[in-house]
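Note: the block below is run25.tsv and it holds TSV, C-alpha atoms.
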chain	number	residue	atom	x	y	z
A	9	MET	CA	60.92	116.18	93.87
A	10	SER	CA	58.12	113.67	93.68
A	11	ASP	CA	58.87	110.00	94.09
A	12	ARG	CA	58.18	109.39	90.47
A	13	ASN	CA	60.58	112.11	89.35
A	14	LEU	CA	63.20	110.82	91.76
A	15	ALA	CA	62.81	107.30	90.43
A	16	HIS	CA	63.04	108.63	86.90
A	17	ALA	CA	66.21	110.59	87.70
A	18	GLN	CA	67.73	107.52	89.31
A	19	GLY	CA	66.88	105.47	86.27
A	20	GLU	CA	68.61	107.97	83.99
A	21	GLN	CA	71.59	108.07	86.29
A	22	GLU	CA	71.93	104.32	86.27
A	23	THR	CA	71.56	104.16	82.52
A	24	ARG	CA	74.45	106.61	82.26
A	25	TRP	CA	76.51	104.59	84.74
A	26	SER	CA	75.84	101.46	82.70
A	27	SER	CA	77.04	102.99	79.46
A	28	LEU	CA	80.11	104.50	81.13
A	29	MET	CA	80.89	101.11	82.64
A	30	ARG	CA	80.47	99.37	79.28
A	31	ALA	CA	82.91	101.85	77.75
A	32	GLY	CA	85.27	101.30	80.68
A	33	LEU	CA	85.11	97.54	80.25
A	34	GLY	CA	86.12	98.13	76.65
A	35	GLY	CA	89.23	99.96	77.84
A	36	ASP	CA	87.98	103.58	77.67
A	37	ARG	CA	89.84	105.12	80.59
A	38	ALA	CA	88.20	108.54	80.36
A	39	ALA	CA	84.69	107.07	80.55
A	40	TYR	CA	85.75	104.78	83.36
A	41	GLN	CA	87.24	107.66	85.33
A	42	ALA	CA	84.09	109.72	84.75
A	43	LEU	CA	82.04	106.86	86.18
A	44	LEU	CA	84.21	106.52	89.27
A	45	VAL	CA	84.26	110.28	89.86
A	46	GLU	CA	80.48	110.30	89.66
A	47	LEU	CA	80.10	107.28	91.93
A	48	ALA	CA	82.44	108.47	94.68
A	49	PRO	CA	80.18	111.18	96.21
A	50	VAL	CA	77.15	108.89	95.99
A	51	LEU	CA	79.04	106.11	97.73
A	52	ARG	CA	80.29	108.63	100.28
A	53	VAL	CA	76.78	109.63	101.30
A	54	ALA	CA	75.83	105.99	101.65
A	55	ALA	CA	78.96	105.15	103.62
A	56	ARG	CA	78.49	108.07	106.00
A	57	ARG	CA	74.91	107.16	106.66
A	58	GLY	CA	75.91	103.58	107.26
A	59	CYS	CA	78.76	104.54	109.57
A	60	GLN	CA	76.59	106.94	111.51
A	61	LYS	CA	73.83	104.41	111.84
A	62	PHE	CA	76.10	101.72	113.20
A	63	GLY	CA	78.36	103.85	115.35
A	64	LEU	CA	81.49	104.19	113.24
A	65	MET	CA	83.49	107.38	112.91
A	66	PRO	CA	82.86	109.58	109.87
A	67	ALA	CA	86.52	109.07	108.94
A	68	ASP	CA	85.82	105.36	108.53
A	69	ALA	CA	83.36	106.22	105.79
A	70	GLU	CA	86.10	107.31	103.41
A	71	ASP	CA	87.83	103.97	103.84
A	72	VAL	CA	84.59	102.25	102.91
A	73	VAL	CA	84.34	104.47	99.83
A	74	GLN	CA	87.86	103.61	98.74
A	75	GLU	CA	87.37	99.92	99.38
A	76	THR	CA	84.12	99.99	97.44
A	77	LEU	CA	85.74	101.70	94.47
A	78	LEU	CA	88.56	99.16	94.48
A	79	ALA	CA	86.07	96.29	94.69
A	80	ILE	CA	83.95	97.70	91.85
A	81	HIS	CA	87.12	97.81	89.78
A	82	LEU	CA	88.57	94.43	90.71
A	83	LYS	CA	85.21	92.65	90.40
A	84	ARG	CA	83.92	94.46	87.32
A	85	GLN	CA	83.78	91.18	85.42
A	86	THR	CA	80.89	90.10	87.70
A	87	TRP	CA	78.59	92.79	86.30
A	88	GLN	CA	76.46	91.43	83.48
A	89	GLN	CA	76.11	94.12	80.88
A	90	ASP	CA	72.46	93.38	80.23
A	91	VAL	CA	71.28	93.81	83.83
A	92	PRO	CA	70.85	97.11	85.71
A	93	ILE	CA	74.08	98.32	87.30
A	94	GLY	CA	72.47	99.92	90.36
A	95	PRO	CA	71.76	96.75	92.35
A	96	TRP	CA	75.26	95.50	91.55
A	97	ILE	CA	76.89	98.68	92.87
A	98	ARG	CA	74.64	98.78	95.93
A	99	ALA	CA	75.44	95.17	96.76
A	100	ILE	CA	79.18	95.83	96.60
A	101	ALA	CA	78.83	98.97	98.72
A	102	ARG	CA	76.81	97.06	101.32
A	103	ASN	CA	79.37	94.29	101.42
A	104	LYS	CA	82.20	96.71	102.01
A	105	LEU	CA	80.30	98.55	104.73
A	106	VAL	CA	79.54	95.26	106.46
A	107	ASP	CA	83.23	94.31	106.17
A	108	ALA	CA	84.21	97.56	107.85
A	109	LEU	CA	81.67	97.05	110.64
A	110	ARG	CA	82.93	93.52	111.22
A	111	ARG	CA	86.48	94.75	111.50
A	112	ARG	CA	85.35	97.19	114.11
A	113	GLY	CA	83.98	94.33	116.12
A	114	ARG	CA	80.36	94.78	115.23
A	115	ARG	CA	78.58	91.68	114.26
A	116	GLY	CA	77.93	92.45	110.63
A	117	ARG	CA	75.61	89.53	110.27
A	118	GLU	CA	73.12	91.19	112.51
A	119	ILE	CA	72.85	94.21	110.30
A	120	ASP	CA	69.66	94.20	108.37
A	121	ILE	CA	70.76	94.66	104.81
A	122	ASP	CA	67.40	96.18	103.96
A	123	ASP	CA	68.25	99.05	106.26
A	124	LEU	CA	70.91	100.01	103.78
A	125	SER	CA	68.91	99.56	100.64
A	126	ASP	CA	67.84	103.17	100.36
A	127	VAL	CA	71.15	104.80	101.14
A	128	LEU	CA	72.22	105.24	97.55
A	129	ALA	CA	69.10	107.19	96.74
A	130	ALA	CA	70.38	110.29	98.54
A	131	PRO	CA	71.79	113.41	96.87
A	132	ALA	CA	75.52	113.53	96.43
A	133	GLU	CA	77.78	115.26	98.86
A	134	GLU	CA	81.23	116.65	98.15
A	135	ASP	CA	84.18	116.34	100.39
A	136	ARG	CA	87.61	116.13	99.00
A	137	SER	CA	89.53	117.03	102.13
A	138	VAL	CA	89.18	113.59	103.65
A	139	VAL	CA	92.22	111.41	103.28
A	140	GLY	CA	91.44	107.72	103.36
A	141	ASP	CA	93.69	105.23	104.98
A	142	VAL	CA	94.75	103.55	101.80
A	143	VAL	CA	97.94	105.60	101.99
A	144	ARG	CA	99.06	103.71	105.06
A	145	HIS	CA	98.87	100.48	103.13
A	146	LEU	CA	100.63	101.98	100.15
A	147	HIS	CA	103.84	101.82	102.13
A	148	SER	CA	103.48	98.11	102.70
A	149	LEU	CA	103.37	97.24	98.99
A	150	ALA	CA	106.35	95.73	97.22
A	151	PRO	CA	108.64	98.57	96.07
A	152	GLY	CA	107.91	98.06	92.36
A	153	GLN	CA	104.17	98.23	92.87
A	154	ARG	CA	104.41	101.07	95.37
A	155	ASN	CA	106.44	103.27	93.05
A	156	VAL	CA	104.03	102.74	90.18
A	157	VAL	CA	100.87	103.29	92.25
A	158	GLN	CA	102.47	106.34	93.86
A	159	ALA	CA	103.40	107.82	90.48
A	160	VAL	CA	100.07	107.15	88.77
A	161	ALA	CA	97.78	107.88	91.70
A	162	VAL	CA	99.41	110.52	93.85
A	163	ASP	CA	101.63	112.27	91.32
A	164	GLY	CA	99.15	111.87	88.47
A	165	VAL	CA	101.74	110.71	85.96
A	166	SER	CA	100.57	108.86	82.85
A	167	ILE	CA	101.43	105.22	82.27
A	168	ARG	CA	103.90	106.15	79.55
A	169	ASP	CA	105.69	108.80	81.63
A	170	THR	CA	105.73	106.47	84.61
A	171	ALA	CA	107.43	103.88	82.43
A	172	GLN	CA	110.08	106.40	81.42
A	173	ARG	CA	110.53	107.71	84.91
A	174	LEU	CA	110.97	104.27	86.46
A	175	MET	CA	112.79	102.85	83.43
A	176	MET	CA	110.23	100.10	82.94
A	177	THR	CA	108.23	99.00	79.90
A	178	GLU	CA	104.66	100.25	79.70
A	179	GLY	CA	103.46	96.67	79.96
A	180	ALA	CA	105.40	96.19	83.19
A	181	VAL	CA	103.92	99.43	84.57
A	182	ARG	CA	100.41	98.18	83.78
A	183	VAL	CA	101.04	94.86	85.46
A	184	ALA	CA	102.55	96.52	88.53
A	185	LEU	CA	99.63	98.94	88.73
A	186	HIS	CA	97.05	96.17	88.55
A	187	ARG	CA	98.85	94.01	91.10
A	188	GLY	CA	99.37	97.01	93.34
A	189	LEU	CA	95.66	97.82	93.36
A	190	ALA	CA	94.77	94.19	94.04
A	191	ALA	CA	97.31	94.11	96.87
A	192	LEU	CA	95.88	97.31	98.35
A	193	ALA	CA	92.40	95.81	98.34
A	194	GLN	CA	93.70	92.67	100.01
A	195	ARG	CA	95.52	94.59	102.74
A	196	LEU	CA	92.45	96.68	103.48
A	197	ARG	CA	90.38	93.53	103.70
A	198	GLU	CA	92.76	91.63	105.94
A	199	HIS	CA	94.11	94.27	108.24
A	200	GLY	CA	91.54	96.96	108.12
A	201	THR	CA	92.80	100.39	108.88
B	21	MET	CA	95.82	108.75	99.53
B	22	LYS	CA	92.89	110.83	98.59
B	23	THR	CA	89.98	109.15	96.95
B	24	ASP	CA	90.52	111.20	93.80
B	25	ASP	CA	94.06	109.86	93.57
B	26	LEU	CA	92.83	106.34	93.95
B	27	ILE	CA	90.26	106.90	91.21
B	28	ARG	CA	92.99	108.16	88.89
B	29	ALA	CA	95.02	105.02	89.49
B	30	ILE	CA	92.03	102.73	89.02
B	31	ALA	CA	91.07	104.47	85.78
B	32	GLN	CA	94.56	103.88	84.40
B	33	ASP	CA	94.04	100.19	85.07
B	34	ALA	CA	90.93	100.08	82.87
B	35	THR	CA	92.00	97.18	80.72
B	36	PRO	CA	89.27	94.81	79.58
B	37	PRO	CA	88.78	92.35	82.45
B	38	GLY	CA	89.73	88.68	82.14
B	39	LEU	CA	87.40	85.83	81.29
B	40	ARG	CA	83.90	86.15	82.67
B	41	PRO	CA	83.16	84.02	85.75
B	42	GLU	CA	80.80	81.69	83.87
B	43	VAL	CA	83.49	81.00	81.26
B	44	LYS	CA	86.05	80.30	83.96
B	45	LEU	CA	83.60	78.02	85.73
B	46	SER	CA	82.88	76.13	82.49
B	47	LEU	CA	86.59	75.52	81.98
B	48	ALA	CA	86.94	74.39	85.58
B	49	LEU	CA	84.01	72.00	85.18
B	50	ALA	CA	85.46	70.51	82.01
B	51	GLY	CA	88.86	70.04	83.65
B	52	GLY	CA	87.32	68.71	86.86
B	53	ILE	CA	85.13	66.18	85.07
B	54	ILE	CA	88.09	64.90	83.06
B	55	ALA	CA	90.30	64.66	86.14
B	56	ALA	CA	87.63	62.84	88.14
B	57	ALA	CA	86.85	60.50	85.24
B	58	VAL	CA	90.51	59.58	84.78
B	59	LEU	CA	90.83	58.89	88.49
B	60	PHE	CA	87.65	56.82	88.36
B	61	MET	CA	88.93	54.64	85.51
B	62	LEU	CA	92.29	54.20	87.25
B	63	LEU	CA	90.90	53.37	90.68
B	64	LEU	CA	87.52	51.76	90.11
B	65	GLY	CA	86.04	51.51	86.63
B	66	PRO	CA	82.37	50.78	85.94
B	67	ARG	CA	80.93	47.61	87.39
B	68	GLY	CA	80.76	44.58	85.12
B	69	ASN	CA	77.04	44.72	84.49
B	70	ALA	CA	76.82	48.51	84.22
B	71	LEU	CA	75.53	48.49	80.64
B	72	ALA	CA	73.09	45.68	81.32
B	73	SER	CA	71.74	47.65	84.31
B	74	LEU	CA	70.82	50.68	82.24
B	75	ASP	CA	67.22	49.56	82.01
B	76	GLU	CA	66.88	49.45	85.78
B	77	LEU	CA	65.21	52.53	87.17
B	78	ARG	CA	67.02	52.34	90.50
B	79	PHE	CA	70.38	52.31	88.71
B	80	LEU	CA	69.43	55.23	86.48
B	81	LEU	CA	68.06	57.22	89.40
B	82	LYS	CA	71.57	57.44	90.88
B	83	PHE	CA	72.80	59.32	87.82
B	84	VAL	CA	69.74	61.50	87.50
B	85	VAL	CA	69.84	62.60	91.15
B	86	THR	CA	73.58	63.34	91.22
B	87	LEU	CA	73.63	65.15	87.88
B	88	VAL	CA	70.53	67.18	88.73
B	89	LEU	CA	72.32	68.19	91.92
B	90	ALA	CA	75.44	69.24	90.01
B	91	VAL	CA	73.48	71.27	87.48
B	92	GLY	CA	71.33	72.98	90.12
B	93	ALA	CA	74.36	73.83	92.23
B	94	THR	CA	76.15	75.24	89.18
B	95	GLY	CA	73.25	77.55	88.37
B	96	LEU	CA	73.00	78.64	91.98
B	97	VAL	CA	76.69	79.35	92.45
B	98	LEU	CA	76.77	81.55	89.35
B	99	ARG	CA	74.15	83.72	91.06
B	100	LEU	CA	75.86	83.64	94.43
B	101	ILE	CA	79.08	85.12	93.05
B	102	ARG	CA	77.39	88.12	91.42
B	103	PRO	CA	76.72	91.04	93.73
B	104	GLY	CA	73.07	92.03	93.73
B	105	ALA	CA	71.94	89.07	91.62
B	106	THR	CA	68.62	87.55	92.61
B	107	LEU	CA	68.69	83.82	93.20
B	108	GLY	CA	65.31	83.35	91.56
B	109	ALA	CA	64.31	79.80	90.75
B	110	TRP	CA	67.85	78.55	91.37
B	111	ARG	CA	67.23	78.72	95.09
B	112	ARG	CA	64.72	75.92	94.66
B	113	ALA	CA	66.76	74.05	92.06
B	114	LEU	CA	68.75	72.46	94.86
B	115	LEU	CA	65.57	70.87	96.20
B	116	LEU	CA	65.02	68.98	92.97
B	117	ALA	CA	67.63	66.27	93.60
B	118	PRO	CA	66.44	65.47	97.15
B	119	GLY	CA	62.87	65.52	95.83
B	120	LEU	CA	63.65	62.92	93.17
B	121	LEU	CA	65.45	60.84	95.74
B	122	LEU	CA	62.44	60.96	98.05
B	123	ILE	CA	60.25	59.61	95.27
B	124	GLY	CA	62.79	56.82	94.79
B	125	ILE	CA	62.79	56.07	98.51
B	126	ALA	CA	59.01	55.97	98.60
B	127	SER	CA	58.81	53.45	95.78
B	128	GLU	CA	61.61	51.43	97.37
B	129	LEU	CA	59.76	51.27	100.66
B	130	ILE	CA	56.65	50.12	98.84
B	131	ALA	CA	58.51	47.50	96.78
B	132	LEU	CA	60.67	46.11	99.58
B	133	PRO	CA	59.34	44.25	102.63
B	134	GLY	CA	60.16	46.03	105.88
B	135	SER	CA	62.68	43.38	106.83
B	136	GLY	CA	64.83	44.29	103.82
B	137	TRP	CA	65.02	48.03	104.47
B	138	LEU	CA	67.98	47.97	106.80
B	139	THR	CA	69.98	45.64	104.56
B	140	ALA	CA	69.36	47.91	101.60
B	141	LEU	CA	70.34	50.99	103.58
B	142	VAL	CA	73.56	49.53	104.94
B	143	GLY	CA	74.42	48.03	101.57
B	144	SER	CA	77.70	46.29	100.90
B	145	ASN	CA	79.92	49.17	99.98
B	146	ALA	CA	79.43	52.12	102.31
B	147	ARG	CA	83.10	52.57	103.11
B	148	ASN	CA	84.08	52.72	99.44
B	149	CYS	CA	81.34	55.23	98.84
B	150	LEU	CA	82.57	57.45	101.68
B	151	THR	CA	86.15	57.16	100.42
B	152	TYR	CA	85.92	57.46	96.66
B	153	ILE	CA	83.24	60.11	96.25
B	154	PRO	CA	85.14	62.68	98.34
B	155	LEU	CA	88.46	61.58	96.84
B	156	MET	CA	87.35	61.88	93.22
B	157	GLY	CA	85.64	65.17	94.04
B	158	LEU	CA	88.80	66.89	95.25
B	159	ALA	CA	90.12	67.89	91.82
B	160	PRO	CA	86.77	69.30	90.60
B	161	LEU	CA	86.33	71.13	93.91
B	162	ALA	CA	89.77	72.71	93.70
B	163	LEU	CA	89.29	73.82	90.10
B	164	ILE	CA	85.80	75.18	90.75
B	165	LEU	CA	86.94	77.16	93.79
B	166	LEU	CA	89.84	78.65	91.85
B	167	ALA	CA	87.49	79.65	89.05
B	168	LEU	CA	85.11	81.28	91.54
B	169	ARG	CA	87.86	83.54	92.86
B	170	SER	CA	87.04	86.00	90.11
B	171	GLY	CA	83.55	86.25	91.54
B	172	ALA	CA	82.34	88.31	94.48
B	173	PRO	CA	80.06	86.28	96.75
B	174	SER	CA	78.41	88.05	99.68
B	175	ARG	CA	78.65	84.77	101.55
B	176	PRO	CA	81.96	83.10	100.64
B	177	ALA	CA	81.39	80.03	102.84
B	178	LEU	CA	78.00	79.39	101.25
B	179	ALA	CA	79.42	79.76	97.74
B	180	GLY	CA	82.19	77.32	98.73
B	181	ALA	CA	79.65	74.82	100.06
B	182	VAL	CA	77.65	74.98	96.84
B	183	ALA	CA	80.90	74.48	94.92
B	184	GLY	CA	81.30	71.32	97.03
B	185	LEU	CA	77.83	70.19	95.93
B	186	ILE	CA	78.84	70.56	92.27
B	187	ALA	CA	82.02	68.56	92.84
B	188	GLY	CA	80.11	65.99	94.89
B	189	GLY	CA	77.44	65.62	92.19
B	190	ILE	CA	80.08	65.03	89.50
B	191	SER	CA	82.04	62.60	91.60
B	192	ALA	CA	78.98	60.69	92.82
B	193	ALA	CA	77.65	60.34	89.25
B	194	LEU	CA	80.91	58.65	88.29
B	195	TYR	CA	81.02	56.52	91.40
B	196	ALA	CA	77.43	55.40	90.75
B	197	ALA	CA	78.62	53.47	87.70
B	198	HIS	CA	80.89	51.40	89.94
B	199	CYS	CA	78.82	51.07	93.09
B	200	PRO	CA	76.88	47.78	93.33
B	201	ASP	CA	74.31	49.30	95.70
B	202	ASP	CA	71.38	50.77	93.79
B	203	SER	CA	68.84	51.15	96.58
B	204	PRO	CA	67.65	54.75	97.02
B	205	LEU	CA	67.93	54.05	100.75
B	206	PHE	CA	71.66	53.47	100.32
B	207	VAL	CA	72.07	56.48	98.03
B	208	ALA	CA	70.16	58.78	100.37
B	209	THR	CA	72.36	57.76	103.29
B	210	TRP	CA	75.88	57.29	102.02
B	211	TYR	CA	76.00	59.41	98.87
B	212	THR	CA	74.48	62.26	100.84
B	213	LEU	CA	77.08	61.89	103.57
B	214	ALA	CA	79.93	61.72	101.06
B	215	ILE	CA	78.71	64.77	99.15
B	216	ALA	CA	78.16	66.63	102.43
B	217	LEU	CA	81.82	66.06	103.26
B	218	LEU	CA	82.80	67.84	100.05
B	219	ALA	CA	80.31	70.63	100.73
B	220	GLY	CA	81.78	71.10	104.20
B	221	LEU	CA	85.29	71.18	102.82
B	222	GLY	CA	84.16	73.65	100.17
B	223	ALA	CA	82.65	75.88	102.85
B	224	LEU	CA	85.84	75.80	104.92
B	225	ILE	CA	88.07	76.68	101.98
B	226	GLY	CA	85.62	79.09	100.38
B	227	ARG	CA	85.31	81.05	103.58
B	228	ARG	CA	88.91	82.17	103.16
B	229	LEU	CA	89.62	81.74	99.46
B	230	LEU	CA	86.51	83.47	98.13
B	231	ARG	CA	86.69	86.58	100.30
B	232	TRP	CA	87.17	89.75	98.34
Just give me the structure as structure tokens.
Amino acid sequence: MSDRNLAHAQGEQETRWSSLMRAGLGGDRAAYQALLVELAPVLRVAARRGCQKFGLMPADAEDVVQETLLAIHLKRQTWQQDVPIGPWIRAIARNKLVDALRRRGRRGREIDIDDLSDVLAAPAEEDRSVVGDVVRHLHSLAPGQRNVVQAVAVDGVSIRDTAQRLMMTEGAVRVALHRGLAALAQRLREHGT
Amino acid sequence: MKTDDLIRAIAQDATPPGLRPEVKLSLALAGGIIAAAVLFMLLLGPRGNALASLDELRFLLKFVVTLVLAVGATGLVLRLIRPGATLGAWRRALLLAPGLLLIGIASELIALPGSGWLTALVGSNARNCLTYIPLMGLAPLALILLALRSGAPSRPALAGAVAGLIAGGISAALYAAHCPDDSPLFVATWYTLAIALLAGLGALIGRRLLRW
């Protein structure tokens, strides 16, 4: 593919991401999930390249992917809907890679951020067998949050069914889910994996 | 947990996000300005001849410099907390206040004989300046930092320091109405030091509080 075609394809991709994100910000869960599913393999390629380049294990890459997805979610209010979404996503991915490198004792500050600027331009790569380390932190959540995150994430139960199963209101399930995700992100940030 | 599981959980949490960072920051600024102003009226109040001094350039310059600093720092911090945002002209906006002050200093040095420079610099009120500007800036700084928690700065300490500049600009603009020292030499020395204290405090707190 020529550079121009590649740039064009990237532009289309980012336009689609933007509209999915806008729908997601409006509460459209299906669009939001479609966006995250599409982003994950792209982020994975970037994370693997970054990990390889700076001497981290390939398994660390999946943690970076999960942290990046959580950060995209928890910081989605910082994306301005009228600016391109690509630079915003790339900046978050870079930040999370640098965080992971710092935790591993590398001096993240010395990493030239420009070295990472092209990593999201690569073709996607599938790998669903890798289990990230978020699960380890799941166990350290408060029981209420853990049960809800476990049900929704791992068991794939809907919010309504989770509410019935745990004898909670749907509102309480939503709150517990949100707090649980925020707590997961915090634990990953503070303790690493 | 597999990444697909995590995605499923995140998607279920797709409620519209809370207030945008700039809205939160505006609320924090409004609250911080009110809090600092109330504290100012309780502790100090404007000096007796404040209104009569409004036609003096040196007196006015104190407000212009501090408010320009606060506005520039506000614009900059809103960029700093957005991943991937370019700083653009805001990077240079912070130079505007020191630039204005330099012009003031230059005219002061021309107007004053050399023997008066040191007196003007030391002033009569340096200790108050170093006490009240940081003190009145604490509430704005706290509110601004809390508002910025919804942001995502690549450099949390830097964002915290710039938050300190906003708080310092607000507080110093209020203090300027009380302070009897109008010389740009005094302002450049003591106001700068007082605002730097808030910036340092902001950096220390921001480093931890604004991580994400």
Residues of chain B near chain A: apply a cut-off of 6 Å, count all atoms listed in the file, and supply the list as a ChimeraX atom specification. /B:21-22,25-26,28-29,31,34-37,40,102-104
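One distance worth recording is that between atom CA of Ala93 of chain B and atom CA of Arg112 of chain B, which is 10.2 Å.
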Using all atoms listed in the file for the distances, tell me which of B:Ile125, B:Leu165, B:Leu49, B:Leu74 is nearest to Arg228 of chain B. B:Leu165
Top pick for closest residue to Thr23 of chain A, considering A:Val72, A:Asp90, A:Pro66, A:Arg52 and counting only C-alpha atoms: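 So, comparing all the options, the nearest one is A:Asp90.
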Excluding Leu121 of chain B and any residue of its chain fewer than 2 positions from it, enumerate the residues within 9 Å of it, using all atoms listed in the file, and give them as an NGL selection string. :B and (81-82 or 85 or 116-119 or 123-126 or 204-205 or 207-208)
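For the pair atom CA of Ala105 of chain B and atom CA of Ser174 of chain B, the separation is 10.4 Å.
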What is the atom CA of Lys61 of chain A to atom CA of Arg112 of chain A distance in Å? 13.8 Å
Show me the residues around (80.3, 79.5, 97.1) - criterion: an atom at most 8 Å away, only C-alpha atoms counted - as a PyMOL selection string. chain B and resi 97+100-101+165+168+173+175-183+222-223+226+230
For the residues in the current selection, export C-alpha atoms as an mmCIF file, keeping the file's coordinate frame.
data_model
loop_
_atom_site.group_PDB
_atom_site.id
_atom_site.type_symbol
_atom_site.label_atom_id
_atom_site.label_comp_id
_atom_site.auth_asym_id
_atom_site.auth_seq_id
_atom_site.Cartn_x
_atom_site.Cartn_y
_atom_site.Cartn_z
ATOM 1 C CA VAL B 97 76.690 79.350 92.450
ATOM 2 C CA LEU B 100 75.860 83.640 94.430
ATOM 3 C CA ILE B 101 79.080 85.120 93.050
ATOM 4 C CA LEU B 165 86.940 77.160 93.790
ATOM 5 C CA LEU B 168 85.110 81.280 91.540
ATOM 6 C CA PRO B 173 80.060 86.280 96.750
ATOM 7 C CA ARG B 175 78.650 84.770 101.550
ATOM 8 C CA PRO B 176 81.960 83.100 100.640
ATOM 9 C CA ALA B 177 81.390 80.030 102.840
ATOM 10 C CA LEU B 178 78.000 79.390 101.250
ATOM 11 C CA ALA B 179 79.420 79.760 97.740
ATOM 12 C CA GLY B 180 82.190 77.320 98.730
ATOM 13 C CA ALA B 181 79.650 74.820 100.060
ATOM 14 C CA VAL B 182 77.650 74.980 96.840
ATOM 15 C CA ALA B 183 80.900 74.480 94.920
ATOM 16 C CA GLY B 222 84.160 73.650 100.170
ATOM 17 C CA ALA B 223 82.650 75.880 102.850
ATOM 18 C CA GLY B 226 85.620 79.090 100.380
ATOM 19 C CA LEU B 230 86.510 83.470 98.130
#
Neighbours of segment 141-151 of chain B within 7 Å (all atoms listed in the file; same-chain residues fewer than 2 positions away dropped), as a PyMOL selection string? chain B and resi 137-139+153-155+201+205-206+210-211+214
Spatial neighbours of Ile54 of chain B, max dist 12 Å, only C-alpha atoms, sep filter under 5 positions, as a ChimeraX atom specification: /B:47-49,59-61,156-157,159-160,163,190-191,194
Take the residues from that selection and write them out as a compact mmCIF listing (two decimals), keeping the file's coordinate frame, keeping C-alpha atoms.
# COMPACT_ATOMS: atom_id res chain seq x y z
CA LEU B 47 86.59 75.52 81.98
CA ALA B 48 86.94 74.39 85.58
CA LEU B 49 84.01 72.00 85.18
CA LEU B 59 90.83 58.89 88.49
CA PHE B 60 87.65 56.82 88.36
CA MET B 61 88.93 54.64 85.51
CA MET B 156 87.35 61.88 93.22
CA GLY B 157 85.64 65.17 94.04
CA ALA B 159 90.12 67.89 91.82
CA PRO B 160 86.77 69.30 90.60
CA LEU B 163 89.29 73.82 90.10
CA ILE B 190 80.08 65.03 89.50
CA SER B 191 82.04 62.60 91.60
CA LEU B 194 80.91 58.65 88.29
So which one's closest to Ser27 of chain A, A:Ala191, A:Gln89, A:Glu178, A:Gln172? Using all atoms listed in the file, please. A:Gln89
For segment 152-167 of chain A, take all atoms listed in the file, fit an axis-aligned box around them, add 4 Å to each of the six sides, then output centre and edge lengths in Å rounded to one decimal, as AutoDock Vina command-line options.
--center_x 102.8 --center_y 105.2 --center_z 88.8 --size_x 18.1 --size_y 22.2 --size_z 21.1
